[in-house]
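Trainee: Pasting a structure here, questions to come.
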Protein chains: 2
Amino acid sequence: MDELKNRGVREMEIVRIKNRQRSREKDQVITETPLTIFFNDREFVTLLCSPGKPDFLAVGFLRSEGLINTAEDLDDVSVDYQKGIVFVRTKTRTDLIEKLYGKRTITSGCGKGTLFFHVLDSLQSKRIESTLQISAEFLLKLMTSLQENSVLFKTTGGVHSAALANREEILFYSEDIGRHNAVDKIVGECIIKNIPLDDKILLSSGRLSSEIVIKGAKLRLPFIVSRSAPTSLSVELAEQTGITLVGFARGRRLNIYSHDYRIV
Amino acid sequence: MDELKNRGVREMEIVRIKNRQRSREKDQVITETPLTIFFNDREFVTLLCSPGKPDFLAVGFLRSEGLINTAEDLDDVSVDYQKGIVFVRTKTRTDLIEKLYGKRTITSGCGKGTLFFHVLDSLQSKRIESTLQISAEFLLKLMTSLQENSVLFKTTGGVHSAALANREEILFYSEDIGRHNAVDKIVGECIIKNIPLDDKILLSSGRLSSEIVIKGAKLRLPFIVSRSAPTSLSVELAEQTGITLVGFARGRRLNIYSHDYRIV
């Protein structure tokens with residue numbers, strides 16, 4: 001097994017048909033592997049993800065779900081690469097276990113409706129007021145770096161990439177088969193390294209759906225930038241929560257969907 | 001509101017920067033809207049989706065989650081477009097309610113680990129043995145139709161499309177911001193119209209992750225074809241469950257990842 005340690009692609013034998021010619025060939029296929037998160041010694045969830053940075057992914061996922069907030073909350077994070085498990089332990093345990101079991105049905109992809117709308121309400125009440133301003137030229141430069149650094153995408157065509165930047169440069173990159181996982185890996189790295197997110201720029205290769213904007217709003221991120229399209233709901237939420245949302249950032253153009261005053 | 005009835009895009013005012021020129025313009029943004037499913041009068045889940053075919057999406061989602069199986073199970077499906085709710089009622093209610101509440105944590109994106117592996121075990125024990133065979137030329141023709149019919153993608157660049165075909169032609173198309181939703185809309189349409197899936201071809205514009213293959217295996221679909229990349233886990237699962245998995249089907253080429261004997 002040990003797939004969490006591999007380099008993210010696996011060689012597989014495929015049959016290729018090209019211009020009616022059939023051939024048996026080796027091909028590089030992107031690795032997808034189950035990663036189970038134990039939270040305070042209880043099995044919590046199994047994510048399907050790309051190998052690499054499983055500890056960051058677990059911590060980022062727990063942050064996005066609201067189960068931890070800062071590095072201060074963490075007691076211990078350890079990875080069993082053989083079994084594909086990350087163990088996350090927090091300093092204060094009792095309250096969090098309650099939170100955990102109350103929250104289990106509220107993950108972004110499968111939330112109960114009423115709770116979904118409660119999350120929205122609470123986010124809208126704490127508008128992001130960051131005064132960070134950056135130039136469109138700089139954003140486009142960041143997006144070019146993101147693309148150039150997407151190693152797995154170039155090999156396999158099957159992953160999403162994300163990155164976090166400050167006003168000078170990109171701090172971390174991540175890649176994953178899941179759009180959300182790629183972002184959670186970045187979030188986890190920030191938490192473990194104790195880096196604030198409220199003055200940073202999140203870059204993504206993937207579409208900007210409401211779930212990504214909700215994640216960003218919880219982290220107080222002032223900028224979310226993608227080379228792909230946003231949805232109507234993500235634009236509305238970005239507008240309401242105070243996020244500058246940028247889509248189709250490629251080459252020498254980009255579209256600003258909300259709070260364009262931050263882009264100069 | 002009434003967003004479920006709109007045509008899937010909304011005009012929004014954006015700021016466009018192109019070659020350092022800034023302009024305020026109207027743009028077409030893909031609609032994303034919450035759809036709440038009530039199952040036997042209990043609120044079950046809120047999906048974030050594109051408008052269009054909400055009844056099919058709800059029924060397909062419930063089928064993918066294993067809460068219903070065939071049209072026979074359904075008593076009534078109705079849509080409140082104003083509130084964004086689909087009400088699905090089944091003929092037999094008691095057992096299903098139990099199933100529902102037992103299952104709530106097992107949806108594909110956020111399943112508990114142990115249960116995830118149980119699902120895999122049970123799928124592997126019922127291998128798909130369909131003898132359907134089709135030509136690579138025909139598959140490529142279907143993929144071209146899929147692309148030509150993706151109206152929303154052309155307008156907004158932000159959706160996934162899916163379709164179901166038999167050995168002669170495409171039967172239904174669907175589009176959604178979610179890869180899974182696009183497939184579930186197809187599944188729901190088949191259930192409501194009482195069309196068997198075990199001799200059909202599923203076409204998708206999106207990446208083939210393990211969750212799509214698991215969905216297909218539950219439906220006994222012999223073919224899953226995409227213009228994008230598969231993952232290693234999806235290839236393994238397709239191999240084990242008996243599905244012919246085809247990726248990168250575009251133009252005059254395609255890659256077959258499992259059970260290539262069905263492609264002649």
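Residue numbers start at 1 in each chain; chains themselves are named A, B, ... in the order of the structure tokens; ligands are numbered from 1 in the order shown.
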Taking the chain letters and numbering used in this document, name the residues of range 64-222 of chain A that DSSP puts in strand (DSSP E), as a PyMOL selection string.

Mentor: chain A and resi 74-80+85-90+160-165+170-176+201-204

Trainee: Report as a PDB file with N, CA and C atoms, in the first residue's frame all protein, DNA and RNA residues lying within 7 Å of Phe172 in chain B, evaluated on only C-alpha atoms, omitting residues in the same chain fewer than 4 positions from it.

Mentor:
ATOM      1  N   ALA B 163     -24.334  12.410 -20.122  1.00  0.00           N
ATOM      2  CA  ALA B 163     -25.367  11.895 -21.011  1.00  0.00           C
ATOM      3  C   ALA B 163     -25.437  10.391 -20.864  1.00  0.00           C
ATOM      4  N   LEU B 164     -26.581   9.847 -21.267  1.00  0.00           N
ATOM      5  CA  LEU B 164     -26.739   8.401 -21.267  1.00  0.00           C
ATOM      6  C   LEU B 164     -27.048   7.968 -22.695  1.00  0.00           C
ATOM      7  N   ILE B 186     -29.216  12.304 -14.678  1.00  0.00           N
ATOM      8  CA  ILE B 186     -29.422  11.235 -15.669  1.00  0.00           C
ATOM      9  C   ILE B 186     -30.039  10.004 -14.987  1.00  0.00           C
TER      10      ILE B 186
END

Trainee: Give me, as a compact mmCIF listing (two decimals) with C-alpha atoms, in the first residue's frame, the contact residues of chain B against chain A at a cut-off of 6 Å, counting only C-alpha atoms.

Mentor:
# COMPACT_ATOMS: atom_id res chain seq x y z
CA ILE B 14 -18.36 42.47 -13.49
CA VAL B 15 -15.12 44.38 -13.84
CA ARG B 16 -12.99 43.03 -16.66
CA ILE B 17 -9.28 43.71 -16.92
CA LYS B 18 -7.74 42.87 -20.27
CA ASN B 19 -4.33 44.02 -21.42
CA VAL B 29 -22.48 33.65 -14.79
CA ILE B 30 -23.59 30.08 -14.24
CA THR B 31 -26.40 29.81 -11.69
CA GLU B 32 -25.77 27.82 -8.51
CA THR B 36 -33.36 20.87 -0.44
CA VAL B 45 -30.12 17.17 2.51
CA THR B 46 -29.39 20.41 0.66
CA GLY B 111 -18.40 8.84 4.25
CA LYS B 112 -17.15 7.23 7.39
CA GLY B 113 -14.14 5.14 6.56
CA GLY B 158 -18.44 26.53 -15.70
CA ALA B 229 -8.65 11.71 -16.78
CA THR B 231 -7.74 8.20 -11.10
CA SER B 232 -5.85 5.08 -10.05
CA LEU B 233 -8.63 4.11 -7.62
CA ARG B 252 -9.94 10.63 -32.77
CA ARG B 253 -8.44 9.02 -29.68
CA LEU B 254 -9.38 7.43 -26.38
CA ASN B 255 -7.75 5.41 -23.60
CA ILE B 256 -9.32 2.21 -22.26
CA TYR B 257 -8.41 1.54 -18.62

Trainee: Run DSSP on the backbone and give me the residues of range 4-225 of chain B it puts in helix (DSSP H, G or I), as a PyMOL selection string.

Mentor: chain B and resi 4-5+54-64+71-73+94-106+108-110+113-124+136-148+151-156+179-192+210-218

Trainee: Using only C-alpha atoms, find the one residue out of A:Lys26, A:Gln124, A:Glu148, A:Ile134 that sits nearest to Gly242 in chain A.

Mentor: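 Among A:Lys26, A:Gln124, A:Glu148, A:Ile134, it is A:Gln124 that comes nearest to Gly242 in chain A.
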
Trainee: Applying 7 Å and only C-alpha atoms, which residues near range 215-218 of chain B remain after dropping the ones on its own chain fewer than 4 positions away? List them as a PyMOL selection string.

Mentor: chain B and resi 64+123+211+241

Trainee: State, in Å with one decimal place, the distance from CA of Leu245 in chain A to CA of Phe153 in chain B.

Mentor: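 So the two atoms, CA of Leu245 in chain A and CA of Phe153 in chain B, lie 20.2 Å apart.
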
Trainee: If I take CA of Phe223 in chain B and CA of Leu62 in chain B, how far is one from the other in Å, to one decimal?

Mentor: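 Answer for the CA of Phe223 in chain B to CA of Leu62 in chain B separation: 21.6 Å.
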
Trainee: With distances taken over only C-alpha atoms, which of B:Lys141, B:Leu197, B:Ile128, B:Ser205 is nearest to Ala162 in chain B?

Mentor: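 Going through B:Lys141, B:Leu197, B:Ile128, B:Ser205 one by one, the smallest distance to Ala162 in chain B is for B:Ser205.
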
Trainee: Considering only C-alpha atoms, can you say which of B:Val151, B:Val77, B:Ala238, B:Leu120 comes closest to Thr90 in chain B?

Mentor: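 Closest residue, counting only C-alpha atoms: B:Val77.
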
Trainee: By how many Å are CA of Ile214 in chain A and CA of Ile191 in chain A apart?

Mentor: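 Computed distance, CA of Ile214 in chain A to CA of Ile191 in chain A, equals 17.7 Å.
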